[in-house]
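For reference, the structure is listed below as structure tokens.
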Amino acid sequence: MSKTNKKGKKVSRRKFLVRGGLGTLGVLAVGTYLFRNPIRRNILAYANSMDMAYMGSGMEPMIWFEVTSDNQIILHSPKVEMGQGTFTGLAQMAADELDVSMNQIQIVHAQTDTGNIDTFSTGGSTSVAGLWQPLRELAATMREMIKVEGAKKLGVSVNEISSENAQLTAAGNSITYADAVKDVTEWEVPNTPPLRDLKEYKFIGKPIARIDLEAKVFGDPIFGLDAEMPDMLYGAVVRPDKIGATFVSSDTSAAESMPGVVQIIQEEDFVGVVARSYSEAENAKQAIKVDWSVERDWSSEEIQAILQVGEGNASLIQKEGSDIDDSSEVIEMEFSSPIGAHAQIEPNGVLAYVNGDKATIHISTQVVNLTRKEVAKRLGFDEVQVNIVPTYLGGGFGRRLHTPHAVQAAVMSRIVGKPVKYCFSRKEEFQHDMFRPPTHHVLKANLDESGMIKAIRHDFSSGDVAIDSPLLPGFVHSILGADVGAIRGGFCQYSAIPNIRTVSWHVELPFATSWWRSLGLLANTFAWESFMDELAVKSGKDPVSFRLAHIQDDEAGTRLKAVIQAAAVKANYTDEIVDGRAMGFAASTDAGTPCAQVAEVSLKNGKIKVHKVTCAMDPGVAVNPDQVKAQCEGSIIMGISASLFEKMEIRNSELSPTIYGPYQMALMKHAPKEIDVVLLQGIDKPGPVGEPPLGPIGAAIANAVYRLTGERLTAMPLQA
Amino acid sequence: MTISFQINGQAKSMDIEDGNTPLLWVIRDMLNHKGTKFGCGKAACGACTLLIDGEAVRSCSYAVKFAAGKSITTIEGLGNKENPHPVQQAWIEEIVPQCGYCQPGFMMATAALLEKIPQPTDEDIDKNIINVCRCGTYYRMRKAIHKAAQIKAESIDPINS
């Protein structure tokens, strides 16, 4: 994105090394969802805060900012841009403390060679929130450093200088930032100055157009698969169709003589081919015969059977008062959600060049540091010998938290001695995804005489999300006993209910499941909020006031109540069916961000049609309200897609479908024509944005269908 | 074989070994126009959509030999920063893209739609714009398509603008 890169011209730059050591890492508020055991509570906070914070080491010099000779600031982002708008938000935050205008700031992905490495990931809706404090402090410090140099050049004292639009002014004289710093060899680093008041900011809080907007509208080559190197070759790797398949032997003789084939690759853990072009590599791959051994056949039904609550290991994660009273009337419902694919449009791919003792990897990755570690380990390199060049991601959604293909490309490149680019086929994307795990939920409640919830219990079962993830230390799971990803949205947010139990059940599935945007939130909220709707009906109350009556007036409760009320008011919520349309209500709290949604739904020939969604969310400070709204709109549509259509099946151990269409997803015609987003600001700092609005949508739709048909939909994808 | 066509207004003669090579890869890897994207390779997602003689075509499943003698337009030829196509102008005004990967395909499909139906209804859009966007930008895209139709009409007929 940098202007200099785009035009290909080289300008001399001054590199600013600002030392880290800011130590201001955000910690996720776990609110009332406490683990009673203090060790487990701390571990949960730690595990959650890992994806909350910027995790730079703080010990190495890191390039955060460059000033070009034409007075542009280039911000090196340790977080990647995958559509969530992080680059724009970070640029706004930096510009406001640096005193530069938006057209004087550019942002690029930090390469690992610059040392600016986030040791965790880009994920968990935490980039803007996690960098809120450290980035503004860095920018403010940088501004003061520039002022110190400007003061020397202007012959005045620092406190006489004012800064604006990348220019310093004192006593009628002005100097640009570029001129102020051009000869600096040793910096004086002042103490971090106090940050400005929110009201003083020019860009933070404003709906600034995305900083990558033009690049994306005019088709600039910014994505991983767009990367090029001279003399580049194309790789392909053979993958099995069946889950659990292990390599036995291969016959590559037919492939060897295929046109364009440069080399067949046979490693202990993969078989591949390198060819002159993408098509030639793919054709040769098809001609490689591999024998796979499959221990047993799996089917969707078998997966569903081992996934039932009651199977696997239980972990009590929320405990208030006592358990459900089985001796009085118990209201009970079950819910389920299927295996979901990431289905991001840019297939996983990589361009790797291992040249002597140096490896360069261009890749769409959410785990820059982990990608580097894995490549270095396989090549027998030190990490500093591997430079990861992160690109814009053609969708992330959690899929790019796993990048073993970087290792394979690096191995192929080392063998052929040239840069090798390779990407997944769409079939491989669907069969070798790290899926959203299927889930099963059992909810039980006792109501008192007045129809209030006396006791409630949620048992949910899920395949792995975070367990065994290289992103979390192993002890997290062994101490917690619960999967920190699967439990997202699993807790009871209705804090006024006196007796609460939440139990997370963990089962091992025979295929890989992992992080999918919002993790457990989508399925857990579907179950919770469908059940709350049922309880409201049973107690004869409307779903809005019923929810409000079960929330305490603490900080989290006050914010949750506010979004529930705001959504109901904005949507003119009614239980009545108007013109064949009914409204469904649902709310969730994810990582401290409360969100409520109203879906307006009709049925046509038995098909669910979502006409309008009203969404009220309190993300705290919306650094860029337009992009926060875009995240709400996108989450709502992705949530409609997952709730109404998406489902992977397993037959004879083969995952299908393997292509869009059969793997049905929301298209233009399924998207609501109206999406009305209301943003509240219940706290004075930014909170998570990119995942929380995925929570309520499934239940909101199902609850609307209930009003139309009197039937409760309990399985995703929803079918009326 | 030698295959000649026009791309973004320029005549090209390409030496192609296999005429069945998908046009997408000729454009991306031989001509180095990276704006046309690979998504599925089966004409199922539309990320590779470009125009051939004004028709929207999914180039991942279109053999290059069929492009002989034809005129191809990719996102790079639709418009540029100084002189954006109405579709691109509308996409900017509505701040449509998120990850952005599928967007060129959608913009090309929209450009073709507006040539056939200058003022598309919502139903026209639903029926004709059938690419896949995972970020869920459809809501803004619909607004942008209507806006593009308006910008295009105004640029053709300045008196009524």
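Letters for chains follow the order of the structure tokens (A, B, ...), residue numbers begin at 1 for each chain, and ligand numbers begin at 1 in the order shown.
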
Notebook entry, point to check: Once you count only C-alpha atoms, which residues of chain A turn out to be within 6 Å of chain B? Could you give them as a PyMOL selection string?
Noted result: chain A and resi 82-83+216+219+221+226+344-346+394-395+426+634+637-638+660+668-669

Let me see the file: selected residues, all heavy atoms, as a short mmCIF file (atom, residue, chain, number, x, y, z; two decimals), in the first residue's frame.
data_model
loop_
_atom_site.label_atom_id
_atom_site.label_comp_id
_atom_site.auth_asym_id
_atom_site.auth_seq_id
_atom_site.Cartn_x
_atom_site.Cartn_y
_atom_site.Cartn_z
N MET A 82 -7.30 -8.18 7.11
CA MET A 82 -8.02 -9.25 6.42
C MET A 82 -9.44 -8.84 6.08
O MET A 82 -10.30 -9.67 5.85
CB MET A 82 -8.00 -10.53 7.26
CG MET A 82 -8.39 -10.36 8.71
SD MET A 82 -7.97 -11.88 9.64
CE MET A 82 -8.35 -11.38 11.31
N GLY A 83 -9.67 -7.53 6.09
CA GLY A 83 -11.00 -7.03 5.75
C GLY A 83 -11.67 -6.35 6.92
O GLY A 83 -12.63 -5.61 6.76
N LYS A 216 -8.21 -1.79 -3.33
CA LYS A 216 -9.15 -2.90 -3.47
C LYS A 216 -10.18 -2.65 -4.58
O LYS A 216 -10.75 -3.60 -5.11
CB LYS A 216 -9.83 -3.19 -2.13
CG LYS A 216 -8.85 -3.83 -1.15
CD LYS A 216 -9.40 -4.11 0.23
CE LYS A 216 -8.35 -4.86 1.05
NZ LYS A 216 -8.78 -5.09 2.45
N GLY A 219 -8.05 -3.14 -8.08
CA GLY A 219 -7.44 -4.45 -8.35
C GLY A 219 -5.94 -4.50 -8.17
O GLY A 219 -5.25 -5.25 -8.86
N PRO A 221 -2.29 -5.52 -6.84
CA PRO A 221 -1.81 -6.86 -6.45
C PRO A 221 -1.34 -6.91 -5.00
O PRO A 221 -0.17 -6.91 -4.71
CB PRO A 221 -0.64 -7.09 -7.41
CG PRO A 221 -0.13 -5.71 -7.70
CD PRO A 221 -1.31 -4.78 -7.65
N ASP A 226 -1.00 -12.93 -5.06
CA ASP A 226 -0.53 -11.99 -6.09
C ASP A 226 0.99 -11.83 -6.05
O ASP A 226 1.58 -11.21 -6.95
CB ASP A 226 -1.16 -10.60 -5.89
CG ASP A 226 -2.68 -10.65 -6.02
OD1 ASP A 226 -3.19 -11.59 -6.66
OD2 ASP A 226 -3.34 -9.73 -5.49
N GLN A 344 -13.26 -18.98 2.94
CA GLN A 344 -12.72 -17.68 2.48
C GLN A 344 -12.37 -17.80 1.00
O GLN A 344 -11.98 -18.88 0.54
CB GLN A 344 -11.51 -17.27 3.33
CG GLN A 344 -10.16 -17.87 2.97
CD GLN A 344 -10.06 -19.36 3.22
OE1 GLN A 344 -10.84 -19.93 3.95
NE2 GLN A 344 -9.07 -20.00 2.60
N ILE A 345 -12.52 -16.69 0.26
CA ILE A 345 -12.44 -16.82 -1.20
C ILE A 345 -11.00 -16.98 -1.69
O ILE A 345 -10.74 -17.67 -2.66
CB ILE A 345 -13.12 -15.63 -1.92
CG1 ILE A 345 -14.51 -15.35 -1.32
CG2 ILE A 345 -13.25 -15.91 -3.42
CD1 ILE A 345 -15.57 -16.38 -1.59
N GLU A 346 -10.05 -16.34 -1.04
CA GLU A 346 -8.65 -16.56 -1.46
C GLU A 346 -8.16 -17.88 -0.86
O GLU A 346 -8.05 -18.01 0.37
CB GLU A 346 -7.72 -15.43 -0.98
CG GLU A 346 -6.29 -15.65 -1.48
CD GLU A 346 -5.23 -14.73 -0.82
OE1 GLU A 346 -5.43 -14.28 0.31
OE2 GLU A 346 -4.21 -14.49 -1.45
N GLY A 394 -7.07 -12.44 1.65
CA GLY A 394 -8.36 -12.56 0.97
C GLY A 394 -9.34 -13.31 1.85
O GLY A 394 -9.81 -14.39 1.51
N GLY A 395 -9.59 -12.72 3.00
CA GLY A 395 -10.41 -13.34 4.04
C GLY A 395 -9.56 -14.11 5.02
O GLY A 395 -8.58 -14.77 4.65
N ARG A 426 -9.75 -25.63 -4.53
CA ARG A 426 -10.95 -25.40 -3.73
C ARG A 426 -11.39 -26.69 -3.04
O ARG A 426 -11.85 -26.66 -1.91
CB ARG A 426 -12.07 -24.81 -4.61
CG ARG A 426 -13.32 -24.41 -3.88
CD ARG A 426 -13.09 -23.53 -2.66
NE ARG A 426 -12.40 -22.29 -2.90
CZ ARG A 426 -12.07 -21.43 -1.93
NH1 ARG A 426 -12.37 -21.68 -0.67
NH2 ARG A 426 -11.41 -20.33 -2.23
N GLY A 634 -21.38 -7.30 7.88
CA GLY A 634 -20.73 -8.51 7.38
C GLY A 634 -20.99 -9.71 8.29
O GLY A 634 -21.26 -10.81 7.82
N ILE A 637 -24.52 -11.00 7.78
CA ILE A 637 -24.69 -11.78 6.54
C ILE A 637 -23.94 -13.11 6.62
O ILE A 637 -24.46 -14.16 6.23
CB ILE A 637 -24.26 -10.93 5.32
CG1 ILE A 637 -25.27 -9.78 5.14
CG2 ILE A 637 -24.19 -11.79 4.05
CD1 ILE A 637 -24.87 -8.72 4.14
N MET A 638 -22.75 -13.11 7.19
CA MET A 638 -22.03 -14.38 7.38
C MET A 638 -22.82 -15.28 8.33
O MET A 638 -22.89 -16.51 8.15
CB MET A 638 -20.63 -14.10 7.94
CG MET A 638 -19.72 -15.32 7.99
SD MET A 638 -18.01 -14.81 8.33
CE MET A 638 -17.20 -16.40 8.43
N TYR A 660 -18.23 -24.40 -3.81
CA TYR A 660 -19.32 -23.45 -3.56
C TYR A 660 -20.54 -23.88 -4.36
O TYR A 660 -20.41 -24.48 -5.43
CB TYR A 660 -18.93 -22.04 -4.01
CG TYR A 660 -17.76 -21.44 -3.27
CD1 TYR A 660 -16.56 -21.19 -3.92
CD2 TYR A 660 -17.85 -21.10 -1.93
CE1 TYR A 660 -15.48 -20.63 -3.26
CE2 TYR A 660 -16.78 -20.53 -1.26
CZ TYR A 660 -15.60 -20.30 -1.92
OH TYR A 660 -14.54 -19.74 -1.27
N MET A 668 -26.18 -12.65 -2.84
CA MET A 668 -26.84 -11.34 -2.86
C MET A 668 -28.33 -11.45 -2.51
O MET A 668 -28.86 -10.70 -1.71
CB MET A 668 -26.65 -10.72 -4.25
CG MET A 668 -27.27 -9.37 -4.42
SD MET A 668 -26.38 -8.08 -3.53
CE MET A 668 -25.07 -7.72 -4.69
N LYS A 669 -29.00 -12.43 -3.13
CA LYS A 669 -30.45 -12.53 -2.96
C LYS A 669 -30.86 -12.92 -1.54
O LYS A 669 -32.01 -12.75 -1.16
CB LYS A 669 -31.03 -13.54 -3.96
CG LYS A 669 -30.58 -14.97 -3.76
CD LYS A 669 -31.18 -15.90 -4.81
CE LYS A 669 -30.59 -17.30 -4.68
NZ LYS A 669 -31.03 -18.20 -5.74
#

Excluding Met258 in chain A and its own-chain neighbours fewer than 2 positions away, which residues fall within 8 Å of it when counting only C-alpha atoms? Please give them as a PDB file with N, CA, C and O atoms, in the first residue's frame.
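As a result, result-v9.pdb now contains:
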ATOM      1  N   ALA A 254       3.910 -41.500 -13.947  1.00  0.00           N
ATOM      2  CA  ALA A 254       3.133 -40.807 -14.985  1.00  0.00           C
ATOM      3  C   ALA A 254       3.337 -39.302 -14.909  1.00  0.00           C
ATOM      4  O   ALA A 254       3.426 -38.609 -15.928  1.00  0.00           O
ATOM      5  N   ALA A 255       3.443 -38.795 -13.689  1.00  0.00           N
ATOM      6  CA  ALA A 255       3.569 -37.341 -13.514  1.00  0.00           C
ATOM      7  C   ALA A 255       4.918 -36.826 -14.004  1.00  0.00           C
ATOM      8  O   ALA A 255       5.019 -35.697 -14.498  1.00  0.00           O
ATOM      9  N   GLU A 256       5.949 -37.673 -13.861  1.00  0.00           N
ATOM     10  CA  GLU A 256       7.309 -37.219 -14.193  1.00  0.00           C
ATOM     11  C   GLU A 256       7.440 -36.719 -15.621  1.00  0.00           C
ATOM     12  O   GLU A 256       8.202 -35.795 -15.903  1.00  0.00           O
ATOM     13  N   GLY A 260       5.911 -29.585 -18.557  1.00  0.00           N
ATOM     14  CA  GLY A 260       6.192 -28.503 -17.614  1.00  0.00           C
ATOM     15  C   GLY A 260       6.694 -28.941 -16.259  1.00  0.00           C
ATOM     16  O   GLY A 260       7.047 -28.110 -15.422  1.00  0.00           O
ATOM     17  N   VAL A 261       6.751 -30.261 -16.023  1.00  0.00           N
ATOM     18  CA  VAL A 261       7.157 -30.720 -14.693  1.00  0.00           C
ATOM     19  C   VAL A 261       8.655 -30.493 -14.500  1.00  0.00           C
ATOM     20  O   VAL A 261       9.467 -30.886 -15.326  1.00  0.00           O
ATOM     21  N   GLU A 280       0.144 -26.613 -15.119  1.00  0.00           N
ATOM     22  CA  GLU A 280       0.991 -27.792 -15.283  1.00  0.00           C
ATOM     23  C   GLU A 280       1.229 -28.498 -13.942  1.00  0.00           C
ATOM     24  O   GLU A 280       1.252 -29.729 -13.876  1.00  0.00           O
ATOM     25  N   ASN A 283      -2.074 -30.313 -13.133  1.00  0.00           N
ATOM     26  CA  ASN A 283      -2.258 -31.492 -13.978  1.00  0.00           C
ATOM     27  C   ASN A 283      -1.344 -32.634 -13.540  1.00  0.00           C
ATOM     28  O   ASN A 283      -1.751 -33.793 -13.489  1.00  0.00           O
ATOM     29  N   ALA A 284      -0.098 -32.296 -13.224  1.00  0.00           N
ATOM     30  CA  ALA A 284       0.847 -33.336 -12.795  1.00  0.00           C
ATOM     31  C   ALA A 284       0.429 -33.919 -11.456  1.00  0.00           C
ATOM     32  O   ALA A 284       0.542 -35.126 -11.217  1.00  0.00           O
TER      33      ALA A 284
END

Item checked: Contact residues around Glu188 in chain A with only C-alpha atoms at 9 Å, ignoring same-chain residues under 6 positions, as a list in words ->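 The contact residues come out as Met145, Val148 and Glu149 of chain A.
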
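Pairwise distance (CA of Thr371 in chain A, CA of Glu691 in chain A) equals 23.6 Å.
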
Note to self: Let me make sure I understand: among A:Ile497, A:Thr126, A:Gly205, A:Phe585, which one has the smallest atom-to-atom distance to Pro692 in chain A if we use only C-alpha atoms?
What the structure shows: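 Residue with the minimum atom-to-atom distance to Pro692 in chain A: A:Thr126.
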
Can you tell me, as a PDB file with N, CA, C and O atoms, in the first residue's frame, what residues are no more than 9 Å from Pro688 in chain A when counting only C-alpha atoms, ignoring any on the same chain fewer than 3 positions away?
ATOM      1  N   MET A  52      -6.085 -10.724  23.147  1.00  0.00           N
ATOM      2  CA  MET A  52      -6.574  -9.357  23.355  1.00  0.00           C
ATOM      3  C   MET A  52      -5.471  -8.375  23.020  1.00  0.00           C
ATOM      4  O   MET A  52      -5.697  -7.290  22.536  1.00  0.00           O
ATOM      5  N   GLY A 124      -9.440 -12.809  17.154  1.00  0.00           N
ATOM      6  CA  GLY A 124     -10.119 -12.536  18.416  1.00  0.00           C
ATOM      7  C   GLY A 124     -10.676 -11.130  18.510  1.00  0.00           C
ATOM      8  O   GLY A 124     -10.980 -10.664  19.607  1.00  0.00           O
ATOM      9  N   SER A 125     -10.804 -10.462  17.371  1.00  0.00           N
ATOM     10  CA  SER A 125     -11.379  -9.097  17.351  1.00  0.00           C
ATOM     11  C   SER A 125     -10.613  -8.148  18.256  1.00  0.00           C
ATOM     12  O   SER A 125     -11.196  -7.348  18.978  1.00  0.00           O
ATOM     13  N   THR A 126      -9.312  -8.236  18.235  1.00  0.00           N
ATOM     14  CA  THR A 126      -8.547  -7.562  19.274  1.00  0.00           C
ATOM     15  C   THR A 126      -7.503  -6.579  18.763  1.00  0.00           C
ATOM     16  O   THR A 126      -6.768  -6.010  19.562  1.00  0.00           O
ATOM     17  N   SER A 127      -7.398  -6.412  17.449  1.00  0.00           N
ATOM     18  CA  SER A 127      -6.253  -5.645  16.944  1.00  0.00           C
ATOM     19  C   SER A 127      -6.323  -4.176  17.347  1.00  0.00           C
ATOM     20  O   SER A 127      -5.376  -3.626  17.900  1.00  0.00           O
ATOM     21  N   VAL A 128      -7.454  -3.551  17.056  1.00  0.00           N
ATOM     22  CA  VAL A 128      -7.596  -2.135  17.399  1.00  0.00           C
ATOM     23  C   VAL A 128      -7.672  -1.981  18.917  1.00  0.00           C
ATOM     24  O   VAL A 128      -7.007  -1.130  19.511  1.00  0.00           O
ATOM     25  N   ALA A 129      -8.467  -2.851  19.551  1.00  0.00           N
ATOM     26  CA  ALA A 129      -8.620  -2.767  21.003  1.00  0.00           C
ATOM     27  C   ALA A 129      -7.285  -3.001  21.706  1.00  0.00           C
ATOM     28  O   ALA A 129      -6.920  -2.281  22.631  1.00  0.00           O
ATOM     29  N   GLY A 130      -6.524  -4.000  21.244  1.00  0.00           N
ATOM     30  CA  GLY A 130      -5.275  -4.341  21.901  1.00  0.00           C
ATOM     31  C   GLY A 130      -4.185  -3.308  21.689  1.00  0.00           C
ATOM     32  O   GLY A 130      -3.318  -3.119  22.542  1.00  0.00           O
ATOM     33  N   ASP A 590     -20.029 -10.957  23.927  1.00  0.00           N
ATOM     34  CA  ASP A 590     -18.832 -11.679  23.515  1.00  0.00           C
ATOM     35  C   ASP A 590     -17.599 -10.853  23.824  1.00  0.00           C
ATOM     36  O   ASP A 590     -17.467  -9.737  23.337  1.00  0.00           O
ATOM     37  N   ALA A 591     -16.715 -11.416  24.618  1.00  0.00           N
ATOM     38  CA  ALA A 591     -15.457 -10.745  24.951  1.00  0.00           C
ATOM     39  C   ALA A 591     -15.701  -9.318  25.447  1.00  0.00           C
ATOM     40  O   ALA A 591     -14.955  -8.397  25.134  1.00  0.00           O
ATOM     41  N   GLY A 592     -16.796  -9.155  26.183  1.00  0.00           N
ATOM     42  CA  GLY A 592     -17.096  -7.856  26.766  1.00  0.00           C
ATOM     43  C   GLY A 592     -17.916  -6.931  25.895  1.00  0.00           C
ATOM     44  O   GLY A 592     -18.289  -5.845  26.320  1.00  0.00           O
ATOM     45  N   THR A 593     -18.199  -7.327  24.652  1.00  0.00           N
ATOM     46  CA  THR A 593     -19.005  -6.473  23.769  1.00  0.00           C
ATOM     47  C   THR A 593     -20.427  -7.024  23.673  1.00  0.00           C
ATOM     48  O   THR A 593     -20.626  -8.108  23.135  1.00  0.00           O
ATOM     49  N   PRO A 619     -19.493  -1.350  21.365  1.00  0.00           N
ATOM     50  CA  PRO A 619     -18.079  -1.746  21.297  1.00  0.00           C
ATOM     51  C   PRO A 619     -17.184  -0.789  22.071  1.00  0.00           C
ATOM     52  O   PRO A 619     -15.973  -0.784  21.878  1.00  0.00           O
ATOM     53  N   GLY A 620     -17.779   0.052  22.920  1.00  0.00           N
ATOM     54  CA  GLY A 620     -16.980   1.108  23.528  1.00  0.00           C
ATOM     55  C   GLY A 620     -16.699   2.169  22.471  1.00  0.00           C
ATOM     56  O   GLY A 620     -17.575   2.481  21.657  1.00  0.00           O
ATOM     57  N   GLU A 691     -16.192  -9.927  15.820  1.00  0.00           N
ATOM     58  CA  GLU A 691     -16.889 -11.189  16.049  1.00  0.00           C
ATOM     59  C   GLU A 691     -18.200 -11.057  16.829  1.00  0.00           C
ATOM     60  O   GLU A 691     -19.149 -11.783  16.533  1.00  0.00           O
ATOM     61  N   PRO A 692     -18.266 -10.165  17.833  1.00  0.00           N
ATOM     62  CA  PRO A 692     -19.481 -10.110  18.658  1.00  0.00           C
ATOM     63  C   PRO A 692     -20.800 -10.027  17.865  1.00  0.00           C
ATOM     64  O   PRO A 692     -21.767 -10.679  18.257  1.00  0.00           O
TER      65      PRO A 692
END

Note to self: Write out as a ChimeraX atom specification the set of residues from range 47-151 of chain B that DSSP, computed on the backbone, places in strand (DSSP E).
What the structure shows: /B:49-52,55-58,71-73

Next item on the list: Kindly give the distance, in Å, that separates CA of Ser249 in chain A and CA of Val274 in chain A, rounded to a single decimal.
Entry: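 Between these atoms lies a distance of 19.0 Å.
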
Check: Could you pull out all residues of range 243-429 of chain A with a DSSP call of alpha helix (DSSP H) and give them as a ChimeraX atom specification?
Finding: /A:253-256,278-287,300-306,368-379,404-416,426-429

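All residues of protein, DNA or RNA that reach within 7 Å of Thr246 in chain A, judged by only C-alpha atoms and not counting those fewer than 6 positions away in the chain, are Trp292, Ser293 and Val294 of chain A.
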
Check: Counting only C-alpha atoms, what is within 12 Å of Thr558 in chain A, bar same-chain residues fewer than 2 positions away, as an MDAnalysis selection string?
Finding: chainID A and resid 493:496 548:556 560:565 589 592:594 618 680:683

Saved selection, atoms kept: N, CA and C atoms, as a CSV table (one decimal), in the first residue's frame:
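Saved result, result.csv, follows:
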chain,number,residue,atom,x,y,z
A,493,GLN,N,-25.4,-15.0,30.4
A,493,GLN,CA,-25.2,-13.5,30.5
A,493,GLN,C,-26.3,-12.9,31.4
A,494,TYR,N,-27.3,-13.7,31.8
A,494,TYR,CA,-28.4,-13.2,32.6
A,494,TYR,C,-28.0,-13.3,34.1
A,495,SER,N,-27.4,-12.2,34.5
A,495,SER,CA,-26.7,-12.3,35.8
A,495,SER,C,-27.6,-12.2,37.0
A,496,ALA,N,-28.9,-11.9,36.8
A,496,ALA,CA,-29.9,-11.8,37.9
A,496,ALA,C,-30.5,-13.2,38.2
A,548,LEU,N,-34.6,-8.3,29.9
A,548,LEU,CA,-34.2,-7.2,30.8
A,548,LEU,C,-34.3,-7.5,32.3
A,549,ALA,N,-35.4,-8.2,32.6
A,549,ALA,CA,-35.7,-8.5,34.0
A,549,ALA,C,-34.7,-9.5,34.6
A,550,HIS,N,-33.9,-10.1,33.7
A,550,HIS,CA,-32.9,-11.1,34.3
A,550,HIS,C,-31.5,-10.6,34.2
A,551,ILE,N,-31.3,-9.3,34.1
A,551,ILE,CA,-29.9,-8.7,34.0
A,551,ILE,C,-29.7,-7.8,35.2
A,552,GLN,N,-28.6,-8.0,35.9
A,552,GLN,CA,-28.2,-7.1,37.0
A,552,GLN,C,-27.7,-5.7,36.5
A,553,ASP,N,-27.7,-4.8,37.4
A,553,ASP,CA,-27.2,-3.4,37.0
A,553,ASP,C,-25.8,-3.2,37.3
A,554,ASP,N,-24.9,-4.2,37.1
A,554,ASP,CA,-23.5,-3.9,37.1
A,554,ASP,C,-23.0,-3.4,35.8
A,555,GLU,N,-21.7,-3.2,35.6
A,555,GLU,CA,-21.3,-2.5,34.3
A,555,GLU,C,-21.7,-3.4,33.1
A,556,ALA,N,-21.4,-4.7,33.1
A,556,ALA,CA,-21.7,-5.5,32.0
A,556,ALA,C,-23.2,-5.6,31.8
A,560,LEU,N,-25.4,-4.4,28.5
A,560,LEU,CA,-26.2,-5.3,27.8
A,560,LEU,C,-27.7,-4.9,27.8
A,561,LYS,N,-28.2,-4.3,28.9
A,561,LYS,CA,-29.6,-3.8,28.9
A,561,LYS,C,-29.7,-2.7,27.8
A,562,ALA,N,-28.7,-1.8,27.8
A,562,ALA,CA,-28.8,-0.7,26.9
A,562,ALA,C,-28.9,-1.1,25.4
A,563,VAL,N,-28.1,-2.2,25.0
A,563,VAL,CA,-28.2,-2.6,23.6
A,563,VAL,C,-29.5,-3.3,23.4
A,564,ILE,N,-30.0,-4.0,24.3
A,564,ILE,CA,-31.3,-4.7,24.2
A,564,ILE,C,-32.4,-3.7,24.0
A,565,GLN,N,-32.4,-2.6,24.8
A,565,GLN,CA,-33.4,-1.6,24.7
A,565,GLN,C,-33.2,-0.8,23.4
A,589,THR,N,-23.3,-11.5,24.6
A,589,THR,CA,-22.1,-10.7,25.1
A,589,THR,C,-20.9,-11.5,24.7
A,592,GLY,N,-16.8,-9.2,26.2
A,592,GLY,CA,-17.1,-7.9,26.8
A,592,GLY,C,-17.9,-6.9,25.9
A,593,THR,N,-18.2,-7.3,24.7
A,593,THR,CA,-19.0,-6.5,23.8
A,593,THR,C,-20.4,-7.0,23.7
A,594,PRO,N,-21.4,-6.3,24.2
A,594,PRO,CA,-22.8,-6.7,24.1
A,594,PRO,C,-23.4,-6.3,22.8
A,618,ASP,N,-22.5,-2.3,21.6
A,618,ASP,CA,-21.7,-1.4,22.4
A,618,ASP,C,-20.3,-1.8,22.4
A,680,LEU,N,-23.6,2.1,20.5
A,680,LEU,CA,-23.5,2.7,21.8
A,680,LEU,C,-22.1,2.8,22.3
A,681,GLN,N,-21.8,3.7,23.2
A,681,GLN,CA,-20.5,3.8,23.8
A,681,GLN,C,-20.6,3.7,25.3
A,682,GLY,N,-20.6,2.5,25.8
A,682,GLY,CA,-20.7,2.4,27.3
A,682,GLY,C,-19.4,2.4,28.0
A,683,ILE,N,-18.3,2.3,27.3
A,683,ILE,CA,-17.0,2.5,28.0
A,683,ILE,C,-16.1,3.4,27.1

Next item on the list: List the neighbours of Phe546 in chain A out to 6 Å using only C-alpha atoms; skip same-chain residues closer than 4 positions along the sequence, and give me the result as a ChimeraX atom specification.
Entry: /A:536,541-542

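If you look at CA of Thr49 in chain B and CA of Thr403 in chain A, they are 27.8 Å away from each other.
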